[in-house]
>>> print(open('work.txt').read())   # compact mmCIF, C-alpha atoms and all ligand atoms
# COMPACT_ATOMS: atom_id res chain seq x y z
CA MET X 1 3.82 -57.60 18.47
CA SER X 2 5.77 -55.10 16.46
CA ASN X 3 9.44 -55.61 15.69
CA SER X 4 10.51 -52.64 17.74
CA PHE X 5 8.75 -54.03 20.81
CA LEU X 6 10.60 -57.34 20.37
CA ILE X 7 13.92 -55.50 20.10
CA PHE X 8 13.10 -53.47 23.20
CA ALA X 9 12.11 -56.60 25.11
CA SER X 10 15.29 -58.44 24.19
CA ILE X 11 17.43 -55.50 25.27
CA LEU X 12 15.66 -55.50 28.63
CA PHE X 13 16.16 -59.23 28.94
CA ALA X 14 19.86 -58.90 28.11
CA ALA X 15 20.23 -56.18 30.74
CA PHE X 16 18.48 -58.40 33.27
CA LEU X 17 20.86 -61.28 32.49
CA GLY X 18 23.79 -58.94 32.83
CA LEU X 19 22.70 -57.75 36.27
CA THR X 20 22.03 -61.29 37.43
CA PHE X 21 25.46 -62.30 36.26
CA VAL X 22 27.05 -59.45 38.20
CA GLN X 23 25.20 -60.49 41.35
CA ILE X 24 26.20 -64.12 41.20
CA THR X 25 29.78 -63.39 40.27
CA LYS X 26 31.88 -64.41 43.19
CA VAL X 27 34.49 -61.91 44.19
CA TYR X 28 37.24 -63.38 46.19
CA ASP X 29 38.71 -60.77 48.49
CA PRO X 30 42.47 -61.40 48.61
CA GLU X 31 43.06 -58.66 51.22
CA HIS X 32 41.49 -60.90 53.81
CA HIS X 33 43.42 -63.95 52.92
CA GLY X 34 45.10 -64.26 56.28
CA ASP X 35 42.44 -63.93 58.93
CA HIS X 36 39.27 -64.87 57.03
CA HIS X 37 40.67 -67.76 55.14
CA GLY X 38 38.81 -68.62 51.97
CA LYS X 39 36.16 -65.97 52.54
CA VAL X 40 33.99 -65.37 49.51
CA VAL X 41 31.70 -62.40 49.13
CA TYR X 42 29.07 -62.01 46.45
CA GLY X 43 28.86 -59.12 44.06
CA PHE X 44 31.29 -56.27 44.00
CA PRO X 45 33.46 -55.69 47.07
CA VAL X 46 31.46 -53.49 49.40
CA PRO X 47 33.05 -50.31 50.78
CA GLU X 48 33.71 -51.87 54.24
CA PHE X 49 36.12 -54.30 52.68
CA VAL X 50 37.88 -51.59 50.76
CA THR X 51 38.34 -49.58 53.98
CA ALA X 52 39.43 -52.65 55.89
CA GLY X 53 42.08 -53.18 53.23
CA THR X 54 43.58 -49.75 53.78
CA GLU X 55 43.43 -50.17 57.56
CA GLU X 56 45.47 -53.33 57.29
CA ALA X 57 48.09 -51.34 55.44
CA PHE X 58 48.44 -48.99 58.43
CA VAL X 59 51.98 -47.72 58.70
CA THR X 60 53.08 -46.40 62.07
CA PRO X 61 54.06 -42.76 61.49
CA ILE X 62 57.78 -42.36 60.98
CA ALA X 63 58.20 -39.99 63.94
CA VAL X 64 56.81 -42.71 66.23
CA ARG X 65 59.03 -45.37 64.66
CA LEU X 66 62.11 -43.14 64.93
CA ALA X 67 61.64 -42.97 68.70
CA ASP X 68 62.26 -46.75 68.80
CA ALA X 69 64.74 -46.91 65.94
CA ASN X 70 68.31 -48.08 66.31
CA PRO X 71 70.66 -46.01 64.14
CA ALA X 72 73.40 -48.59 64.71
CA LEU X 73 71.38 -50.87 62.40
CA GLY X 74 71.36 -48.21 59.66
CA PRO X 75 74.53 -49.29 57.84
CA LYS X 76 73.13 -52.80 57.37
CA ASN X 77 70.34 -51.32 55.24
CA ALA X 78 72.54 -48.62 53.73
CA SER X 79 74.61 -51.40 52.20
CA LYS X 80 71.72 -51.77 49.73
CA CYS X 81 72.33 -48.21 48.59
CA THR X 82 76.09 -47.90 48.40
CA THR X 83 76.54 -49.17 44.85
CA CYS X 84 74.84 -45.92 43.86
CA HIS X 85 75.31 -43.59 46.82
CA ALA X 86 78.15 -42.35 49.00
CA PHE X 87 76.91 -41.55 52.52
CA GLU X 88 80.22 -40.36 53.97
CA GLN X 89 81.37 -36.79 54.43
CA GLY X 90 82.90 -35.44 51.23
CA GLY X 91 81.56 -38.44 49.29
CA ALA X 92 81.14 -37.92 45.55
CA ASN X 93 78.09 -38.37 43.36
CA LYS X 94 77.98 -41.85 41.88
CA LEU X 95 75.07 -43.29 39.94
CA GLY X 96 73.01 -41.49 42.57
CA PRO X 97 73.73 -38.18 44.35
CA ALA X 98 76.03 -37.96 47.39
CA LEU X 99 73.94 -38.27 50.57
CA TRP X 100 76.05 -36.68 53.35
CA GLY X 101 73.78 -34.14 55.04
CA VAL X 102 70.76 -35.03 52.91
CA VAL X 103 68.31 -34.83 55.84
CA GLY X 104 66.79 -31.36 55.92
CA LYS X 105 68.34 -30.49 52.57
CA ASP X 106 66.27 -29.37 49.57
CA ILE X 107 65.11 -32.28 47.44
CA ALA X 108 67.26 -32.74 44.33
CA SER X 109 69.93 -30.21 45.31
CA ALA X 110 73.26 -32.09 45.30
CA ASP X 111 75.82 -30.04 43.36
CA GLY X 112 76.64 -31.38 39.94
CA PHE X 113 74.08 -34.19 39.88
CA ALA X 114 71.71 -34.50 36.92
CA TYR X 115 68.36 -35.33 38.52
CA SER X 116 65.30 -36.60 36.72
CA GLY X 117 62.60 -34.02 36.07
CA ALA X 118 60.46 -36.09 38.42
CA LEU X 119 62.63 -35.53 41.49
CA ALA X 120 63.68 -32.03 40.49
CA GLY X 121 60.00 -31.11 40.24
CA ILE X 122 59.25 -31.95 43.89
CA ASP X 123 59.30 -28.98 46.24
CA GLY X 124 60.49 -29.10 49.81
CA ALA X 125 63.24 -30.65 51.84
CA TRP X 126 64.05 -34.22 52.82
CA THR X 127 62.13 -34.64 56.05
CA ALA X 128 61.90 -37.98 57.83
CA GLU X 129 58.42 -38.34 56.39
CA ALA X 130 59.52 -37.64 52.81
CA LEU X 131 62.41 -40.10 53.12
CA ASP X 132 60.10 -42.74 54.59
CA GLY X 133 57.71 -42.38 51.65
CA PHE X 134 60.42 -42.25 48.99
CA LEU X 135 62.39 -45.20 50.37
CA LEU X 136 59.26 -47.36 50.72
CA LYS X 137 58.59 -47.18 46.98
CA PRO X 138 60.68 -44.63 45.10
CA LYS X 139 58.69 -45.03 41.90
CA ALA X 140 55.35 -44.47 43.63
CA TRP X 141 56.51 -41.48 45.71
CA ALA X 142 58.29 -39.80 42.79
CA PRO X 143 56.76 -41.23 39.60
CA GLY X 144 59.40 -41.06 36.89
CA THR X 145 62.39 -41.03 39.25
CA LYS X 146 65.52 -42.58 37.86
CA MET X 147 66.45 -44.15 41.19
CA GLY X 148 66.52 -47.82 40.19
CA PHE X 149 65.66 -49.26 43.57
CA ALA X 150 62.47 -51.18 44.37
CA GLY X 151 62.21 -49.93 47.94
CA LEU X 152 62.67 -50.99 51.54
CA LYS X 153 59.42 -52.63 52.58
CA ASP X 154 60.09 -53.15 56.25
CA GLU X 155 58.93 -50.26 58.47
CA ALA X 156 61.63 -50.85 61.09
CA ASP X 157 64.40 -51.16 58.49
CA ARG X 158 63.42 -47.80 57.04
CA ALA X 159 63.26 -46.22 60.48
CA ASN X 160 66.70 -47.56 61.45
CA LEU X 161 68.19 -46.37 58.17
CA ILE X 162 66.59 -42.93 58.42
CA ALA X 163 67.67 -42.53 62.07
CA TRP X 164 71.22 -43.28 60.94
CA MET X 165 70.93 -40.90 57.96
CA PHE X 166 70.01 -38.13 60.44
CA GLN X 167 73.46 -38.61 61.95
CA GLN X 168 75.33 -38.48 58.63
CA ALA X 169 75.66 -34.69 58.59
CA ASP X 170 77.96 -31.88 59.74
CA ALA X 171 75.26 -30.65 62.12
CA PRO X 172 72.82 -33.52 62.67
CA MET X 173 69.22 -32.43 63.07
CA ALA X 174 67.09 -33.66 65.96
CA LEU X 175 64.70 -36.49 65.20
CA PRO X 176 61.12 -35.21 64.75
CA GLU X 177 58.78 -35.52 67.73
CA PRO X 178 55.60 -37.50 67.04
CA SER X 179 52.73 -35.05 66.51
CA ALA X 180 49.43 -35.29 68.39
CA GLU X 181 47.96 -36.59 65.12
CA ASP X 182 50.61 -39.31 64.89
CA LEU X 183 49.90 -40.45 68.44
CA ALA X 184 46.14 -40.39 67.86
CA ALA X 185 46.55 -42.50 64.72
CA VAL X 186 48.60 -45.07 66.61
CA ALA X 187 46.14 -45.16 69.53
CA GLU X 188 43.23 -45.61 67.13
CA GLN X 189 45.05 -48.38 65.33
CA GLN X 190 45.83 -50.16 68.60
CA ALA X 191 42.21 -49.87 69.74
CA SER X 192 40.89 -51.30 66.47
CA SER X 193 43.35 -54.18 66.42
CA GLU X 194 42.32 -55.17 69.96
CA ASN X 195 38.71 -55.61 68.85
C1 LIG B 201 70.60 -48.38 41.44
C2 LIG B 201 71.09 -47.17 42.06
C3 LIG B 201 70.44 -46.69 43.35
C4 LIG B 201 70.21 -47.39 44.51
C5 LIG B 201 70.46 -48.86 44.78
C6 LIG B 201 69.67 -46.43 45.43
N1 LIG B 201 69.59 -45.20 44.85
FE1 LIG B 201 68.97 -43.49 45.74
N2 LIG B 201 69.11 -42.50 43.99
C7 LIG B 201 69.60 -43.04 42.81
C8 LIG B 201 69.44 -42.06 41.74
C9 LIG B 201 69.82 -42.27 40.29
C10 LIG B 201 68.85 -40.93 42.34
C11 LIG B 201 68.40 -39.68 41.63
C12 LIG B 201 66.93 -39.91 41.29
C13 LIG B 201 66.31 -38.92 40.34
O1 LIG B 201 66.95 -37.96 39.93
O2 LIG B 201 65.12 -39.17 40.01
C14 LIG B 201 68.68 -41.23 43.75
C15 LIG B 201 68.18 -40.34 44.69
C16 LIG B 201 68.13 -40.57 46.05
C17 LIG B 201 67.78 -39.60 47.04
C18 LIG B 201 67.43 -38.15 46.79
C19 LIG B 201 68.69 -37.32 47.04
C20 LIG B 201 68.59 -35.86 46.69
O3 LIG B 201 69.66 -35.26 46.51
O4 LIG B 201 67.47 -35.31 46.56
C21 LIG B 201 67.84 -40.21 48.25
C22 LIG B 201 67.56 -39.61 49.61
C23 LIG B 201 68.23 -41.58 48.01
N3 LIG B 201 68.41 -41.77 46.66
C24 LIG B 201 68.43 -42.51 48.99
C25 LIG B 201 68.70 -43.87 48.74
C26 LIG B 201 68.79 -44.86 49.77
C27 LIG B 201 68.69 -44.59 51.25
C28 LIG B 201 68.99 -46.05 49.13
C29 LIG B 201 69.09 -47.43 49.74
C30 LIG B 201 68.01 -47.84 50.60
C31 LIG B 201 69.07 -45.77 47.71
N4 LIG B 201 68.88 -44.44 47.51
C32 LIG B 201 69.33 -46.73 46.74
C33 LIG B 201 70.11 -44.30 42.64
C34 LIG B 201 70.04 -45.32 43.57
>>> encode(input="work.txt", output="structure tokens", more="lines below")
Ligand code: HEC
Amino acid sequence: MSNSFLIFASILFAAFLGLTFVQITKVYDPEHHGDHHGKVVYGFPVPEFVTAGTEEAFVTPIAVRLADANPALGPKNASKCTTCHAFEQGGANKLGPALWGVVGKDIASADGFAYSGALAGIDGAWTAEALDGFLLKPKAWAPGTKMGFAGLKDEADRANLIAWMFQQADAPMALPEPSAEDLAAVAEQQASSEN
């Protein structure tokens, strides 16, 4: 046996060991902690599990949640914002921009407020959907934002707050109607959770 054959053979053997190791490595799938307690799958997580993970994170579209929202519960959540924001008519900029009439207004357009490049660089207006995304996780929705707020995790809390924010304006806009897509997404989610 020549030396180069031995080297080749040991590389093959090492590769074989590596593959075997990958196959016997147990991957614990934390996404399924709740309903499949202690479930262990072998090898890398297969695509089904990855998809199942995102399905579990289904968020009812904001237009659907707004239909059931209670704006009277808005101020309770807005109290988490008022160290930095004034919501009332004629309110001044504080650490964050004044928010009277923010719904429907261009993003990053309060007079005299120095926005981060991150927020200033986002086109469009504050729709219910944009607010829902931003308030869930400001730093994920607008990477680099200087809004120092972790986010409002609860879907209903965000809907109540946003429904109330719709009213904090000179000429309040109507709440958005759920689109056909929104309704289909909810129906599909309900059907799959009944299985
Ligand atoms: C610690 C201070 C702080 C808290 C708490 C905070 N914000 Fe902000 N917020 C800011 C700052 C600063 C900005 C500007 C962000 C930028 O320029 O990146 C901002 C921006 C915003 C904007 C964009 C306004 C515009 O003119 O485009 C909205 C909407 C908003 N905040 C809503 C809220 C709501 C609702 C809450 C409570 C659930 C909240 N914020 C909590 C500091 C805060």
>>> residues_near_ligand(input="work.txt", ligand="ligand LIG 201 (chain B)", cutoff="9 Å", atoms="all atoms listed in the file", output="NGL selection string")
:X and (77-85 or 87 or 94-99 or 102-103 or 105-111 or 113-120 or 125-126 or 130-131 or 134-136 or 138-139 or 142-152 or 158 or 161-162 or 165)
>>> closest_residue(input="work.txt", among="X:Gln190, X:Gln89, X:Gly133, X:Pro172", to="Glu155 of chain X", atoms="all atoms listed in the file")
X:Gly133
>>> atom_distance(input="work.txt", atom1="atom CA of Val59 of chain X", atom2="atom CA of Gln168 of chain X")
25.1 Å
>>> residues_around(input="work.txt", residues="Ala187 of chain X", least_positions_apart="5", cutoff="12 Å", atoms="only C-alpha atoms", output="list in words")
Phe58, Thr60, Pro61, Val64, Ala180, Glu181, Asp182, Ser192, Ser193 and Glu194 of chain X
>>> closest_residue(input="work.txt", among="X:Gly121, X:Gly112, X:Gly104, X:Gly91", to="Phe166 of chain X", atoms="all atoms listed in the file")
X:Gly104
>>> atom_distance(input="work.txt", atom1="atom CA of Ala57 of chain X", atom2="atom CA of Gly124 of chain X")
26.1 Å
>>> atom_distance(input="work.txt", atom1="atom CA of Ala174 of chain X", atom2="atom CA of Ala72 of chain X")
16.3 Å
>>> closest_residue(input="work.txt", among="X:Asp123, X:Asp132, X:Glu88, X:Asp157", to="Leu73 of chain X", atoms="all atoms listed in the file")
X:Asp157
>>> closest_residue(input="work.txt", among="X:Ile122, X:Ala184, X:Ala163, X:Ala128", to="Ile62 of chain X", atoms="only C-alpha atoms")
X:Ala128
